[in-house]
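Following: one structure in structure tokens, then a few remarks.
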Number of protein chains: 4
Amino acid sequence: MASNFFGDLFRITTFGESHGSAIGVVIDGCPAGLPISQDEIDAELKIRQPGKSPYTSPRTEKDESQILSGIFDGKTTGAPIAIAIWNKDADSSKYEPIKNLLRPGHANFTYLQKYGIFDYRGGGRSSARETAARVAAGAVAKKLLSHYGIEICAFIAEIGGIAIHEPNLEEPLKLRKKVLANPLFCPDTKASEKMMKAIEKAKEEGDSLGGILQCIAKIPVGLGDPVYGKLEAKLASAMLSLPATKGFEIGSGFAAARMKGSEHNDAFDIDENGQITTVTNFAGGTLGGISTGLPLTFRVAFKPTSSIKKPQDTVDLKGAKKHPFKLPEGSRHDPCVAIRAVPILEAMTALVLADTLLLNRVAKLSDMHK
Amino acid sequence: MASNFFGDLFRITTFGESHGSAIGVVIDGCPAGLPISQDEIDAELKIRQPGKSPYTSPRTEKDESQILSGIFDGKTTGAPIAIAIWNKDADSSKYEPIKNLLRPGHANFTYLQKYGIFDYRGGGRSSARETAARVAAGAVAKKLLSHYGIEICAFIAEIGGIAIHEPNLEEPLKLRKKVLANPLFCPDTKASEKMMKAIEKAKEEGDSLGGILQCIAKIPVGLGDPVYGKLEAKLASAMLSLPATKGFEIGSGFAAARMKGSEHNDAFDIDENGQITTVTNFAGGTLGGISTGLPLTFRVAFKPTSSIKKPQDTVDLKGAKKHPFKLPEGSRHDPCVAIRAVPILEAMTALVLADTLLLNRVAKLSDMHK
Amino acid sequence: MASNFFGDLFRITTFGESHGSAIGVVIDGCPAGLPISQDEIDAELKIRQPGKSPYTSPRTEKDESQILSGIFDGKTTGAPIAIAIWNKDADSSKYEPIKNLLRPGHANFTYLQKYGIFDYRGGGRSSARETAARVAAGAVAKKLLSHYGIEICAFIAEIGGIAIHEPNLEEPLKLRKKVLANPLFCPDTKASEKMMKAIEKAKEEGDSLGGILQCIAKIPVGLGDPVYGKLEAKLASAMLSLPATKGFEIGSGFAAARMKGSEHNDAFDIDENGQITTVTNFAGGTLGGISTGLPLTFRVAFKPTSSIKKPQDTVDLKGAKKHPFKLPEGSRHDPCVAIRAVPILEAMTALVLADTLLLNRVAKLSDMHK
Amino acid sequence: MASNFFGDLFRITTFGESHGSAIGVVIDGCPAGLPISQDEIDAELKIRQPGKSPYTSPRTEKDESQILSGIFDGKTTGAPIAIAIWNKDADSSKYEPIKNLLRPGHANFTYLQKYGIFDYRGGGRSSARETAARVAAGAVAKKLLSHYGIEICAFIAEIGGIAIHEPNLEEPLKLRKKVLANPLFCPDTKASEKMMKAIEKAKEEGDSLGGILQCIAKIPVGLGDPVYGKLEAKLASAMLSLPATKGFEIGSGFAAARMKGSEHNDAFDIDENGQITTVTNFAGGTLGGISTGLPLTFRVAFKPTSSIKKPQDTVDLKGAKKHPFKLPEGSRHDPCVAIRAVPILEAMTALVLADTLLLNRVAKLSDMHK
């Protein structure tokens, strides 16, 4: 089954392996007339790039997009927007010696079982490099959303057990400035200092850390569809499609399980502008799967990076026997994948919201009369 | 957008409102030649029915399925299987007085905003009654899965903060017998006794409790598709499409965020039968979104029931002003929706697995030669 | 694969066999707020019913719809609209003696090969009875289209080689009145008289006739999507999904193959209202797969009814040997299936147009600003 | 709506404009382990290239594919296969003077109406250049089909009213050799000589000709799905999605409308090998939308090329007034688009058959047991 696409009306299809010639994305369904430039796409790709601090991988992927189609005179035309990101200087030679070893926490075992063949170079299709294509597509989705006043901000909420104080959720773009200024994409400077120390310690030990991301968005009421198209269902699917994710929660999330109805129910109220609102927002911005207009807020759990320098045990496929596993010399990995996931999370959120925004244009007849 | 369907190859479309004439489901894509009877479907529906203990709603919905199509000589024919469950004795009159009040924690606000119209009787389309149609479809999916040795068991893992000791995950159907014998669908008798007391106390206070469900499944290696079709992405979407859910986690879940790579990585090993396995299973049964063959295990958070007897604050739509909210006299609700969600969770899991099982039939050429 | 649905945003899923308990349809994606009644649906079903003239089957199926969901206070709510049509008095006993014979021109051979099982009673799922569900759904689609001034009219253009003079195509609903008044749904009275004689002659001989339907529609500019979503591609798929269809052509159709470019190109012009138009309409109302605003016009070929009283040769599945085939005594079939296909063609056209209309709501940004 | 994809399990998404940097395709869902090389893809592209005879455009597009992903060690891996074909030497300058003129028979009018913007250079997205991407994808589909003994051959059946004698349909690949050896892709040498003269005459007059293509395929029984997934419905959609197509017919096609049931019904018989067959094949290889195992045969009508040298009338968008239209000097167009459509038709047929082949793997339980 085709499984490399995401979205219905605003649909992306991604392609490419870590060490192939290029990765890329085709965006099919973006409305015509949207101004978008390569610079706007590259600006998002830059946020995802490693090598900018000691807390991400020292690799220097300088990702630049090449727009192959769909833009004319600086605007979308309704035709599919194809974007390629070329893989430069991928060195596959160091994967040669470990190609018969199952890598703990990695997908080569399951890909081999399912497909009987695996492009082991840099993780092939299962590599997180695929997420660069999502970020490129997300840049286009964000631009579309900006026309509707929709704002998104993802940030580090916890690393290695060190949690932040939750920031103000009302103005995502304002918060985003603060987040982008922090080397860990963390809005709580004090917490981030502790996190940095924890990361440094893990690096020294040849180990890695997990983390939790939070994402907030300012969105209008009415996004999301009943039953199987609930906004949180789409977000959960989008988030669990990201490498290394282990969990998703919206609003109160797992904490809701320990609350009483009288605590958890968000009482309706009238705000100073006469608009309906709720006093609290344990719901996290949706009711019945449809956005309430209050801040959308959800969290995503990331496991610690699977590629660690510490020696591990594994199995050699050739002899089907136990074997010690050690990463090749010179391997460069993120000590905490959660950090670089921040722009990726935003991209997936933007893709979900763009799709639900378009879908919401055909929800009721009274909206549809010209 | 059509949003009332789920699945690609094994696809269900559900319909119906809480107080309409019927709810139902059309299953499109079930392979031909599968023996299935109304009794097998009704057996699953019975598990979902309330009124069997003081811990669920005292309503007596006696749900029986009517198979309208797709079965001939006791077997599926490849044609769509339509199943209706008739709504008997729905009393809509008590919803009349509260039809202009926004119900805290409920979807009438967002449905009205999105659609401009709402069938308020019993919650209309947003009612959890829709899940009976999922359970009926799940019974067919389970029957299909049984031909491949796939077993599923969901159970209560936590209510009101009271957690169980995790049971043995190796034999889901054996565990399921124990679970079905417990009035809370809880495999830990000691924990369930404490839960019952907590539920009774909440009921007395006119309040409700949240809970966490766990689901395990015995499945073959290779289910799930890369990138956007990851098994956990489909499961997360399925679970968050259920009413009252606030979170999903697979394997280690949110706890992974507090672990180190050296702890979390499941070392590969060879088992006594010479098969590849892993020493631990923090992954929860998938790597790269594809099943490893180890037990699939995930958890779902449910908020406390929104319908509570305690007085609450809300807004009156007519005057757009604040208003006290009280449930109508004689309203009957579950003190903890998590309990009755157990068979529903199993149904959704079965639907996801049936779909990925069919998709996996066309993954590699060597499997496809006759 | 699920193959019993049609459409993307305005999606129908049909179910049911000829002699099962019911056939029906679930419409998923109809915008909320559309007034629709059972009477409006039944009015369309009535047009499809046989037994109203000597030129259709003498059976008396009195099809009445039962709306199971999705309508509240006389309006659509955005929830799926399920409609059941109950099969009354189906007599399956006469199919018993021929259940092991392949019926020439029928689908029992291919269904048996594909599925290994076949509900032979009345043709099971392959029966044209399924089209009643399409007509019910088409009634809802037509109602939606009427809000946008879209009009549809199908009619008999040829039976048994007798062709009509093409009527005025500008006002489909006006033409439709004339068409519905004719027992063959034919707008050319003289031609229809000849057709009636030809049908009577074929009936006497125990034989059947084929025919060609034409359909016209008044639609706005912009419907249909480039490349694979071309309006004519969707219409062709819709029409060839109907039983007994052998061909589809839009505008000039197969005659275009015998024309020169200088004849076939429709020259652009300015009409009396200053609007862009074309002098001719060989295109049939689309260019590049998108509607021009000129009359949409296409034709569909129907083979002669496969069920004929004349003796035929076939194969007995039990012995896998040749066998004479004769319809059971008392079998009642249409001498020309094309006639009753008229309302079905309109229904499929309405379903295609409703879907493309909704899709066109998200084509360009300037249309989407509130 | 995303409308640039085709297929469900074997899905292609194409992108690119005539004068953009590249056109291309992403194939998502091809089973893993299929050997395929760039040479095999380029061999198909070469058949589509113009400039090889006086009967096609004198342009010299030397199309070569670049495989960007999805192939490893010469085999498909299950990952999406992205293929780019770079646009070299496209000269957009000559489109500048006519950018405000509606081109008769072309899509710039409807694209502008729908999207408000149009990439007029070489027809932009509406150019037939997009079909090169289909041919590249079709090469992969054909390779897959070859593993199941499926053979396809398309050919010219009629040009300018000159029809061929129908060739033997039993061995498509044998016929194909003959077809590829003819400059018009026509299996009837005598007819093709007359066609060549007609084309030369039309060229001299600055005019163009239409034509009819026939396609035959050797396929197993069981392909295609009931109701909306009928094989002929998918083929019709595929064919009408091609530029310049006006009609589709399967088997007897429109001629069926003039036949009697006793003539048209294909009597079942037992062949010399004891297999069930039919004496005639008016059906064209399907019954009830599912393949019978007899030769699949259908025809597609193409209009005459819209770009002609003869002067025409049109409208100037700037002044919204009538205006004479003349192609720019040096414009090079095919005098009959039907000829170069031959490999494209084969590609679309292969894509439909690959998809239905995969879908048929999950039709019945008895096929699915390992």
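Every chain in the structure tokens takes a letter, A first, then B, and so on in the order presented; its residues are numbered from 1, and the ligands are numbered from 1 following the presented order.
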Inset, instruction - From a DSSP pass on the backbone, collect the residues of stretch 75-303 of chain A flagged as alpha helix (DSSP H) and hand them back as a ChimeraX atom specification. - result: /A:108-115,131-146,172-181,189-204,231-240,261-264
Inset, instruction - For C:Leu180, please output as an NGL selection string all residues within 9 Å (counting only C-alpha atoms; exclusion window: fewer than 6 positions along the same chain). - result: :C and (47 or 155 or 186-187)
Could those selected residues go to a file with N, CA, C and O atoms, as a compact mmCIF listing (two decimals), in the first residue's frame?
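As written to disk, again_11.txt reads:
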```
# COMPACT_ATOMS: atom_id res chain seq x y z
N ILE C 47 -38.94 7.11 -10.39
CA ILE C 47 -38.59 7.19 -11.82
C ILE C 47 -37.86 5.92 -12.27
O ILE C 47 -38.01 5.48 -13.40
N PHE C 155 -31.31 11.28 -21.04
CA PHE C 155 -32.42 10.82 -21.88
C PHE C 155 -31.92 9.76 -22.85
O PHE C 155 -30.71 9.60 -23.05
N CYS C 186 -37.53 9.56 -23.67
CA CYS C 186 -36.93 9.99 -24.93
C CYS C 186 -37.55 11.33 -25.33
O CYS C 186 -38.78 11.46 -25.37
N PRO C 187 -36.74 12.33 -25.64
CA PRO C 187 -37.28 13.66 -25.92
C PRO C 187 -37.82 13.80 -27.35
O PRO C 187 -38.45 14.81 -27.65
```
Legend entry - Neighbours of chain C in chain D at 6 Å, counting only C-alpha atoms, as a PyMOL selection string: chain D and resi 1+3-4+104-105+107+110+114-115+160-161+207-211+222+227-230+233+236-237+240-241+246-250+253-254+256-258+260-261+265-269+287-288+290+292+301-306+313-315+359+364
Legend entry - Using only C-alpha atoms: which of C:Ile41, C:Ile219, C:Gly20, C:Glu61 has the shortest distance to B:Pro80: C:Gly20
Inset, instruction - Mind giving me the straight-line distance from atom CA of B:Val25 to atom CA of C:Phe72 in Å, one decimal? - result: 19.7 Å
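Proximity to stretch 143-154 of chain A at 7 Å, evaluated using only C-alpha atoms and with sequence-adjacent residues fewer than 3 positions away removed, yields A:Leu34, A:Ala139, A:Val140, A:Pro172, A:Leu173, A:Arg176, A:Leu213, A:Gln214, A:Cys215, A:Ile216, A:Ala217, A:Lys218, A:Ile219, A:Val342, A:Leu345, A:Glu346, A:Ala354.
Reported to one decimal place, the separation of atom CA of A:Pro220 from atom CA of A:Gly285 is 10.0 Å.
Near C:Ser69, within a cut-off of 6 Å and counting only C-alpha atoms, sit the residues Gly16 of chain B; Ile81 and Ala82 of chain C, with same-chain residues fewer than 5 positions away left out.
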Inset, instruction - Take atom CA of C:Leu184 and atom CA of C:Leu294 and report the distance between them in Å, one decimal. - result: 27.0 Å
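Residues lying within 10 Å of D:Ser92, counting only C-alpha atoms and ignoring same-chain neighbours fewer than 4 positions away, are D:Ser18, D:His19, D:Gly20, D:Glu96, D:Tyr120, D:Arg121, D:Gly122.
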Legend entry - Top pick for closest residue to B:Leu169, considering B:Leu296, B:Ile23, B:Ala157, B:Ala198 and counting only C-alpha atoms: B:Leu296
